[in-house]
$ cat final_30.cif   # mmCIF, C-alpha atoms
data_run
loop_
_atom_site.label_atom_id
_atom_site.label_comp_id
_atom_site.auth_asym_id
_atom_site.auth_seq_id
_atom_site.Cartn_x
_atom_site.Cartn_y
_atom_site.Cartn_z
CA MET A 1 0.00 0.00 0.00
CA SER A 2 1.38 3.40 -0.97
CA LEU A 3 1.99 6.20 1.52
CA ALA A 4 -0.62 8.33 -0.27
CA LYS A 5 -3.25 5.57 0.21
CA VAL A 6 -2.35 5.26 3.91
CA PHE A 7 -2.86 9.01 4.42
CA MET A 8 -6.13 8.98 2.49
CA ASP A 9 -7.50 6.18 4.65
CA LEU A 10 -6.28 7.98 7.78
CA ASN A 11 -7.99 11.19 6.69
CA ASP A 12 -11.26 9.29 6.12
CA ALA A 13 -11.04 7.70 9.57
CA ILE A 14 -10.39 11.04 11.30
CA SER A 15 -13.24 12.70 9.43
CA THR A 16 -15.58 9.86 10.42
CA VAL A 17 -14.71 10.09 14.13
CA ILE A 18 -15.23 13.85 14.13
CA LYS A 19 -18.65 13.53 12.48
CA LEU A 20 -19.78 10.66 14.72
CA GLN A 21 -18.79 12.48 17.89
CA GLY A 22 -21.26 15.20 17.03
CA LYS A 23 -24.07 12.86 16.02
CA LEU A 24 -23.77 9.60 17.97
CA ASP A 25 -24.43 9.55 21.70
CA ASP A 26 -23.02 6.13 22.40
CA GLU A 27 -20.91 5.77 25.53
CA VAL A 28 -19.82 2.30 24.52
CA PHE A 29 -18.53 3.59 21.19
CA PHE A 30 -16.64 6.44 22.81
CA ASN A 31 -15.63 4.81 26.08
CA ASP A 32 -12.07 4.68 24.79
CA ILE A 33 -12.06 8.36 23.88
CA ASN A 34 -8.91 8.98 25.88
CA ASP A 35 -7.15 6.30 23.88
CA ILE A 36 -8.27 8.08 20.72
CA LYS A 37 -6.95 11.40 22.07
CA ASP A 38 -3.63 9.81 22.96
CA LEU A 39 -3.43 8.29 19.51
CA ALA A 40 -4.22 11.66 17.93
CA ARG A 41 -1.55 13.38 20.02
CA THR A 42 0.98 10.71 19.10
CA MET A 43 0.14 11.13 15.44
CA MET A 44 0.40 14.92 15.68
CA ASN A 45 3.74 14.65 17.42
CA GLY A 46 4.87 12.34 14.67
CA PHE A 47 3.81 14.80 11.98
CA THR A 48 5.53 17.63 13.83
CA GLN A 49 8.74 15.67 14.19
CA ALA A 50 8.77 14.50 10.58
CA THR A 51 7.99 17.95 9.19
CA GLY A 52 10.36 19.68 11.60
CA THR A 53 13.16 17.33 10.61
CA ALA A 54 12.43 18.08 6.97
CA LEU A 55 12.64 21.84 7.68
CA HIS A 56 16.05 21.38 9.25
CA ARG A 57 17.21 19.67 6.04
CA LEU A 58 16.13 22.36 3.58
CA LYS A 59 19.72 23.06 2.58
CA LYS A 60 19.97 19.48 1.30
CA SER A 61 16.48 18.82 -0.03
CA LYS A 62 16.00 22.28 -1.64
CA PRO A 63 12.20 22.10 -2.14
CA SER A 64 10.28 24.91 -3.80
CA GLU A 65 9.30 27.88 -1.68
CA ASP A 66 5.63 27.06 -2.28
CA THR A 67 6.19 23.58 -0.89
CA VAL A 68 7.79 24.95 2.28
CA LYS A 69 4.97 27.46 2.67
CA PHE A 70 2.40 24.68 2.33
CA MET A 71 4.25 22.56 4.93
CA VAL A 72 4.48 25.22 7.63
CA GLU A 73 0.94 26.48 7.14
CA GLY A 74 -0.40 22.94 7.45
CA ILE A 75 1.78 21.88 10.38
CA PRO A 76 2.88 25.12 12.10
CA SER A 77 4.09 23.24 15.19
CA SER A 78 7.02 22.08 13.05
CA LEU A 79 8.42 25.62 13.12
CA SER A 80 9.24 25.20 16.82
CA TYR A 81 10.73 21.73 16.42
CA LYS A 82 14.32 21.98 17.64
CA CYS A 83 17.14 20.06 16.04
CA ALA A 84 18.34 17.41 18.48
CA ALA A 85 22.00 18.04 17.64
CA ASN A 86 22.12 21.79 18.29
CA GLN A 87 18.69 22.87 19.63
CA ARG A 88 18.15 25.35 16.81
CA PHE A 89 14.77 26.24 15.33
CA PRO A 90 14.27 25.55 11.59
CA VAL A 91 14.59 29.28 10.81
CA GLN A 92 18.04 29.17 12.45
CA SER A 93 19.09 26.02 10.62
CA ALA A 94 18.22 27.74 7.33
CA LEU A 95 20.94 30.26 8.10
CA PHE A 96 23.89 27.96 7.64
CA SER A 97 23.78 27.39 3.92
CA SER A 98 23.32 29.92 1.14
CA CYS A 99 21.04 27.35 -0.52
CA SER A 100 18.42 27.76 2.23
CA PHE A 101 18.55 31.55 2.76
CA LYS A 102 15.54 31.98 0.47
CA TYR A 103 13.30 30.18 3.00
CA LEU A 104 14.00 32.65 5.83
CA PRO A 105 11.07 35.03 5.08
CA ILE A 106 8.60 32.12 4.80
CA LEU A 107 9.71 30.51 8.06
CA ALA A 108 9.80 33.82 9.93
CA LYS A 109 6.44 35.12 8.65
CA GLU A 110 4.62 31.97 9.68
CA GLY A 111 6.70 31.75 12.85
CA ILE A 112 5.46 35.16 13.98
CA LYS A 113 1.89 33.83 14.00
CA HIS A 114 2.93 31.06 16.37
CA ASP A 115 5.45 32.91 18.58
CA VAL A 116 8.42 30.80 17.53
CA GLY A 117 11.20 31.54 19.99
CA GLY A 118 8.80 33.45 22.25
CA ARG A 119 6.71 36.59 21.97
CA ASP A 120 8.20 39.48 19.98
CA LYS A 121 10.99 37.29 18.65
CA ARG A 122 9.95 37.98 15.06
CA GLY A 123 9.30 34.34 14.24
CA GLY A 124 12.68 33.23 15.58
CA LEU A 125 14.76 35.92 13.87
CA LEU A 126 15.42 37.60 17.23
CA ALA A 127 15.85 34.34 19.14
CA ALA A 128 19.35 33.70 20.45
CA ASP A 129 21.16 30.87 18.69
CA PRO A 130 22.08 28.28 21.36
CA ARG A 131 25.45 27.64 19.71
CA ALA A 132 26.43 31.24 18.97
CA ASP A 133 28.92 33.35 20.86
CA HIS A 134 27.60 36.35 22.80
CA ASN A 135 23.99 35.06 22.51
CA ARG A 136 23.73 36.39 18.96
CA ASN A 137 20.34 36.01 17.37
CA THR A 138 19.42 34.81 13.90
CA ILE A 139 19.57 38.22 12.21
CA GLN A 140 22.87 39.08 13.88
CA LEU A 141 24.34 35.83 12.58
CA LEU A 142 23.00 36.50 9.09
CA VAL A 143 24.88 39.80 9.14
CA SER A 144 28.14 38.48 10.61
CA ASN A 145 28.52 34.87 9.42
CA PHE A 146 31.07 34.13 6.71
CA ASN A 147 32.50 31.37 4.57
CA SER A 148 36.27 31.77 4.44
CA SER A 149 36.61 29.58 1.35
CA ASN A 150 33.83 31.32 -0.58
CA VAL A 151 33.81 34.87 0.76
CA ILE A 152 32.19 36.97 -1.99
CA PRO A 153 29.44 34.52 -3.06
CA PHE A 154 28.50 33.92 0.57
CA ASP A 155 28.49 37.64 1.35
CA THR A 156 26.30 38.21 -1.71
CA ALA A 157 23.85 35.48 -0.68
CA CYS A 158 23.58 36.91 2.84
CA LEU A 159 23.01 40.39 1.43
CA ASN A 160 20.23 39.15 -0.85
CA ALA A 161 18.59 37.42 2.13
CA MET A 162 18.75 40.68 4.09
CA LYS A 163 17.09 42.53 1.22
CA GLU A 164 14.26 39.98 1.11
CA LEU A 165 13.75 40.22 4.87
CA ARG A 166 13.64 44.00 4.56
CA LYS A 167 11.00 43.78 1.81
CA ALA A 168 8.93 41.53 4.05
CA GLY A 169 9.22 43.95 6.98
CA LEU A 170 11.26 41.42 8.94
CA LEU A 171 14.44 43.50 8.93
CA VAL A 172 13.81 47.09 10.02
CA LYS A 173 15.84 50.28 10.26
CA THR A 174 16.11 50.21 14.03
CA ASP A 175 17.96 46.88 13.75
CA ILE A 176 20.91 48.65 12.14
CA LYS A 177 22.34 49.98 15.40
CA ASP A 178 22.93 46.40 16.58
CA LEU A 179 24.12 45.11 13.23
CA LEU A 180 26.43 47.69 11.68
CA TYR A 181 29.49 46.98 13.79
CA LEU A 182 28.90 43.20 13.54
CA ALA A 183 29.09 43.46 9.74
CA CYS A 184 32.28 45.54 9.76
CA HIS A 185 34.62 42.85 8.52
CA THR A 186 36.22 42.04 5.18
CA THR A 187 34.13 38.88 4.88
CA SER A 188 30.86 40.86 5.16
CA ARG A 189 31.82 44.04 3.36
CA MET A 190 28.73 44.19 1.12
CA ARG A 191 26.41 43.72 4.09
CA PHE A 192 28.21 46.47 5.99
CA GLU A 193 28.00 48.90 3.08
CA TYR A 194 24.32 48.08 2.59
CA LEU A 195 23.49 48.85 6.22
CA ALA A 196 25.57 52.04 6.16
CA GLU A 197 23.76 53.26 3.05
CA TRP A 198 20.34 52.36 4.45
CA ASP A 199 20.80 54.76 7.37
CA SER A 200 24.20 56.41 7.61
CA ASP A 201 23.27 58.15 10.88
CA TYR A 202 24.16 54.98 12.74
CA LEU A 203 27.79 55.34 11.64
CA MET A 204 28.05 58.30 13.99
CA ALA A 205 25.69 56.92 16.64
CA ARG A 206 26.45 56.09 20.23
CA THR A 207 25.46 53.26 22.52
CA HIS A 208 23.26 53.86 25.54
CA THR A 209 26.46 54.39 27.56
CA GLY A 210 27.63 57.17 25.23
CA LEU A 211 30.34 55.11 23.53
CA PRO A 212 30.48 55.70 19.76
CA TYR A 213 29.99 52.55 17.71
CA ALA A 214 33.26 53.38 15.98
CA HIS A 215 34.97 52.69 19.31
CA HIS A 216 33.26 49.29 19.48
CA ILE A 217 34.98 48.36 16.23
CA ILE A 218 38.34 49.25 17.72
CA ASN A 219 37.71 47.62 21.10
CA ASP A 220 36.22 44.38 19.77
CA SER A 221 38.39 43.61 16.78
CA SER A 222 41.60 45.66 17.13
CA SER A 223 41.63 45.18 13.37
CA LEU A 224 43.25 47.65 11.01
CA VAL A 225 41.01 46.50 8.17
CA SER A 226 37.78 46.87 10.16
CA PHE A 227 38.81 50.31 11.41
CA THR A 228 39.65 51.37 7.85
CA MET A 229 36.28 50.11 6.57
CA TYR A 230 34.36 51.99 9.24
CA LEU A 231 36.36 55.19 8.81
CA ARG A 232 35.97 55.13 5.02
CA ALA A 233 32.20 54.65 5.28
CA SER A 234 31.82 57.46 7.81
CA LEU A 235 33.91 59.78 5.62
CA LYS A 236 31.64 59.02 2.68
CA TYR A 237 28.56 60.31 4.49
CA TYR A 238 30.14 62.82 6.92
CA PRO A 239 33.18 64.22 5.11
CA ARG A 240 33.20 67.72 6.64
CA GLN A 241 33.24 66.22 10.14
CA ILE A 242 36.13 63.96 9.03
CA GLY A 243 33.85 61.00 9.58
CA CYS A 244 34.08 59.29 12.92
CA LEU A 245 37.77 60.11 13.45
CA PHE A 246 37.29 62.71 16.17
CA LEU A 247 34.18 61.38 17.91
CA LYS A 248 34.71 61.35 21.67
CA ASP A 249 33.80 58.84 24.35
CA ASN A 250 31.46 60.60 26.76
CA ASP A 251 33.13 58.91 29.74
CA ASP A 252 36.86 59.40 29.20
CA GLY A 253 36.80 62.04 26.44
CA LYS A 254 39.09 59.97 24.20
CA THR A 255 38.67 60.44 20.46
CA THR A 256 38.38 57.63 17.94
CA ILE A 257 41.91 58.30 16.71
CA ARG A 258 43.31 58.05 20.20
CA LYS A 259 41.47 54.80 20.87
CA ALA A 260 42.76 53.44 17.57
CA ILE A 261 46.35 54.40 18.32
CA GLU A 262 46.13 52.77 21.74
CA LYS A 263 44.67 49.55 20.33
CA ILE A 264 46.13 49.27 16.82
CA GLY A 265 49.27 51.39 17.04
CA ARG A 266 50.29 54.82 15.76
CA ASP A 267 51.77 53.77 12.41
CA LYS A 268 48.87 51.49 11.48
CA THR A 269 46.28 54.09 12.50
CA PHE A 270 47.82 56.82 10.39
CA LYS A 271 48.19 54.38 7.52
CA ALA A 272 44.44 53.73 7.69
CA ILE A 273 43.76 57.48 7.76
CA GLN A 274 45.97 58.07 4.72
CA ASP A 275 44.31 55.18 2.89
CA CYS A 276 40.97 56.95 3.39
CA ILE A 277 42.05 60.59 3.08
CA PRO A 278 44.54 61.52 0.32
CA THR A 279 47.33 64.02 0.96
CA ASP A 280 45.71 66.61 -1.33
CA THR A 281 42.38 66.41 0.47
CA THR A 282 39.91 69.26 0.38
CA LEU A 283 38.62 68.31 3.81
CA PRO A 284 39.50 70.63 6.72
CA ILE A 285 41.29 67.91 8.61
CA LEU A 286 43.79 70.22 10.31
CA HIS A 287 40.98 72.37 11.73
CA HIS A 288 39.57 69.32 13.49
CA ALA A 289 42.93 67.90 14.50
CA ALA A 290 44.02 71.15 16.15
CA ILE A 291 40.81 71.41 18.15
CA ASP A 292 39.88 67.78 18.88
CA ALA A 293 43.23 65.96 18.87
CA PRO A 294 45.99 68.54 19.41
CA GLU A 295 48.33 65.84 20.70
CA TYR A 296 48.51 64.47 17.15
CA PHE A 297 48.43 67.79 15.30
CA ASN A 298 52.08 67.69 14.19
CA GLU A 299 51.59 64.28 12.61
CA PHE A 300 48.54 65.52 10.76
CA SER A 301 50.27 68.70 9.59
CA VAL A 302 53.18 66.72 8.14
CA ARG A 303 50.80 64.51 6.17
CA TYR A 304 48.31 67.22 5.13
CA PRO A 305 50.29 70.49 4.88
CA SER A 306 48.04 72.11 2.25
CA ALA A 307 44.97 71.66 4.47
CA ILE A 308 46.15 74.66 6.49
CA TYR A 309 44.74 76.88 3.72
CA LEU A 310 41.28 75.33 3.67
CA ARG A 311 38.14 76.60 5.33
CA ASP A 312 35.88 74.46 7.47
CA GLU A 313 32.15 73.75 7.10
CA ASN A 314 31.42 77.18 8.63
CA GLY A 315 33.68 79.03 6.23
CA ARG A 316 36.38 79.70 8.81
CA SER A 317 40.09 79.71 8.15
CA PHE A 318 42.37 77.54 10.24
CA THR A 319 43.25 80.31 12.69
CA GLN A 320 39.68 81.56 12.89
CA ALA A 321 38.58 78.06 13.84
CA GLN A 322 41.20 78.02 16.59
CA LEU A 323 39.97 81.37 17.88
CA THR A 324 36.38 80.17 17.94
CA ALA A 325 37.36 77.03 19.82
CA GLY A 326 39.43 79.00 22.30
CA THR A 327 42.57 77.00 21.66
CA LYS A 328 44.46 80.15 20.60
CA THR A 329 44.55 83.42 22.53
CA ILE A 330 46.71 86.53 22.47
CA GLU A 331 48.25 85.34 25.74
CA ASN A 332 49.64 82.12 24.32
CA ASP A 333 50.42 83.44 20.84
CA GLY A 334 51.53 87.09 20.58
CA LEU A 335 51.48 87.03 16.76
CA LEU A 336 47.97 85.58 16.61
CA PHE A 337 46.23 88.46 14.87
CA LEU A 338 49.03 88.78 12.33
CA LYS A 339 48.47 85.17 11.31
CA ILE A 340 44.71 85.31 10.91
CA VAL A 341 43.81 84.48 7.31
CA ARG A 342 41.28 86.89 5.90
#

$ encode --input "final_30.cif" --output "structure tokens"
Amino acid sequence: MSLAKVFMDLNDAISTVIKLQGKLDDEVFFNDINDIKDLARTMMNGFTQATGTALHRLKKSKPSEDTVKFMVEGIPSSLSYKCAANQRFPVQSALFSSCSFKYLPILAKEGIKHDVGGRDKRGGLLAADPRADHNRNTIQLLVSNFNSSNVIPFDTACLNAMKELRKAGLLVKTDIKDLLYLACHTTSRMRFEYLAEWDSDYLMARTHTGLPYAHHIINDSSSLVSFTMYLRASLKYYPRQIGCLFLKDNDDGKTTIRKAIEKIGRDKTFKAIQDCIPTDTTLPILHHAAIDAPEYFNEFSVRYPSAIYLRDENGRSFTQAQLTAGTKTIENDGLLFLKIVR
């Protein structure tokens, strides 16, 4: 007997019991009702387990998206079926192969209806992965995961999945603040640039403790490449402020450049700056260096000598900017007014 015939007979039997229960008042017939309930529960658990197992194997089976949609709508309990090996939900298992990324919106949308991972967990997208470091959730892993042997194709696949989640309203702008610094790595460059373009304000944002996210990059990775990526992106959107370079920590007052020098080293930090800002820059970098990082002003002036003749975003010359900031007075520079550029 084929599996299809078995299911057809089973469906007929279930339909018959349901109809009889409403029409037949026969205690003898239904005296084993608890046995029937137990059997039904066992069957349902079996369907959940079988379907859940199938959902965890999407990267291998690669069914159509319509098929997956049909499965989870018919047996939604399967969305909460955890893999025995790692305790992940199906939506989390779909994250570990570019072949199964396309199922993420389907699993999450239906998962929202059934509180997969708990209430307000966005169908499991905000549920912490039990095997991930730092309790990272599904979306955070989508943004930060990488394949070292297949970097660009994997980054592209992750980016496309993010775009689909955004279209479905499952990835929202407020998520960026928790994702941008996680994506700041050479293996997730396209994802980082996508998030930065979506809302560049977060490049200059601060955590609830007042620490700029740029400082997180330096503290967490101590990576020259990550620092360079973040600085270049911030310069793209905030050139006149010299990007994130002179943002200060509200607690200790240290600027990004100082944090970078302390973590990465002076030579590497200035190499990153020169990689992002050419010697013939039209940005008023010396204005900012003199006011916000005077301890490094000489090193900036050697690298950007022509910037002394530029004007800042307020139209001020270098000396006028110093006057406004109060870093130059007649007491500490007797020739001050002779040097003011008109």

$ atom_distance --input "final_30.cif" --atom1 "CA of Ser61 in chain A" --atom2 "CA of Pro105 in chain A"
17.8 Å

$ axis_aligned_box --input "final_30.cif" --around "range 269-275 of chain A" --padding-each-side "5 Å" --output "lines of an AutoDock Vina configuration file"
center_x = 46.0
center_y = 55.9
center_z = 7.7
size_x = 14.4
size_y = 14.3
size_z = 19.6

$ resolve_selection --input "final_30.cif" --expression "the PyMOL selection byres ((chain A and resi 143-151) around 6)" --output "PyMOL selection string"
chain A and resi 140-142+152-154+182-183+187

$ write_last_selection --input "final_30.cif" --atoms "C-alpha atoms" --output "mmCIF file, in the coordinates of the input"
data_model
loop_
_atom_site.group_PDB
_atom_site.id
_atom_site.type_symbol
_atom_site.label_atom_id
_atom_site.label_comp_id
_atom_site.auth_asym_id
_atom_site.auth_seq_id
_atom_site.Cartn_x
_atom_site.Cartn_y
_atom_site.Cartn_z
ATOM 1 C CA GLN A 140 22.870 39.080 13.880
ATOM 2 C CA LEU A 141 24.340 35.830 12.580
ATOM 3 C CA LEU A 142 23.000 36.500 9.090
ATOM 4 C CA ILE A 152 32.190 36.970 -1.990
ATOM 5 C CA PRO A 153 29.440 34.520 -3.060
ATOM 6 C CA PHE A 154 28.500 33.920 0.570
ATOM 7 C CA LEU A 182 28.900 43.200 13.540
ATOM 8 C CA ALA A 183 29.090 43.460 9.740
ATOM 9 C CA THR A 187 34.130 38.880 4.880
#

$ resolve_selection --input "final_30.cif" --expression "the PyMOL selection byres ((chain A and resi 197) around 12)" --output "PyMOL selection string"
chain A and resi 173+176+180+190-196+198-203+233-234+236-237

$ resolve_selection --input "final_30.cif" --expression "the PyMOL selection byres ((chain A and resi 304) around 8)" --output "PyMOL selection string"
chain A and resi 279-281+285-286+300-303+305-308

$ residues_around --input "final_30.cif" --residues "Phe47 in chain A" --least-positions-apart "4" --cutoff "8 Å" --atoms "all atoms listed in the file" --output "mmCIF file with C-alpha atoms, in the frame of the given file"
data_model
loop_
_atom_site.group_PDB
_atom_site.id
_atom_site.type_symbol
_atom_site.label_atom_id
_atom_site.label_comp_id
_atom_site.auth_asym_id
_atom_site.auth_seq_id
_atom_site.Cartn_x
_atom_site.Cartn_y
_atom_site.Cartn_z
ATOM 1 C CA MET A 43 0.140 11.130 15.440
ATOM 2 C CA THR A 51 7.990 17.950 9.190
ATOM 3 C CA ILE A 75 1.780 21.880 10.380
#

$ residues_around --input "final_30.cif" --residues "Ala161 in chain A" --least-positions-apart "2" --cutoff "8 Å" --atoms "all atoms listed in the file" --output "PyMOL selection string"
chain A and resi 101-102+104+157-159+163-165

$ atom_distance --input "final_30.cif" --atom1 "CA of Tyr213 in chain A" --atom2 "CA of Arg166 in chain A"
22.7 Å

$ residues_around --input "final_30.cif" --residues "Thr138 in chain A" --least-positions-apart "6" --cutoff "7 Å" --atoms "only C-alpha atoms" --output "list of chain:residue names"
A:Gln92, A:Leu125, A:Leu126, A:Ala127, A:Ala128, A:Asp129

$ atom_distance --input "final_30.cif" --atom1 "CA of Ser80 in chain A" --atom2 "CA of Thr48 in chain A"
8.9 Å

$ residues_around --input "final_30.cif" --residues "Arg88 in chain A" --least-positions-apart "5" --cutoff "9 Å" --atoms "only C-alpha atoms" --output "ChimeraX atom specification"
/A:56,80-83,93,129-131

$ closest_residue --input "final_30.cif" --among "A:Phe246, A:Phe89, A:Arg206, A:Ile106" --to "Gly118 in chain A" --atoms "only C-alpha atoms"
A:Phe89

$ closest_residue --input "final_30.cif" --among "A:Arg240, A:Gly52, A:Ala293, A:His185" --to "Ile217 in chain A" --atoms "all atoms listed in the file"
A:His185

$ residues_near_point --input "final_30.cif" --point "(7.5, 30.4, 9.3)" --cutoff "10 Å" --atoms "only C-alpha atoms" --output "PyMOL selection string"
chain A and resi 68-69+71-73+76-80+90-91+103-116+122-124

$ closest_residue --input "final_30.cif" --among "A:Ser15, A:Thr67, A:Thr209, A:Ser223" --to "Asp249 in chain A" --atoms "all atoms listed in the file"
A:Thr209
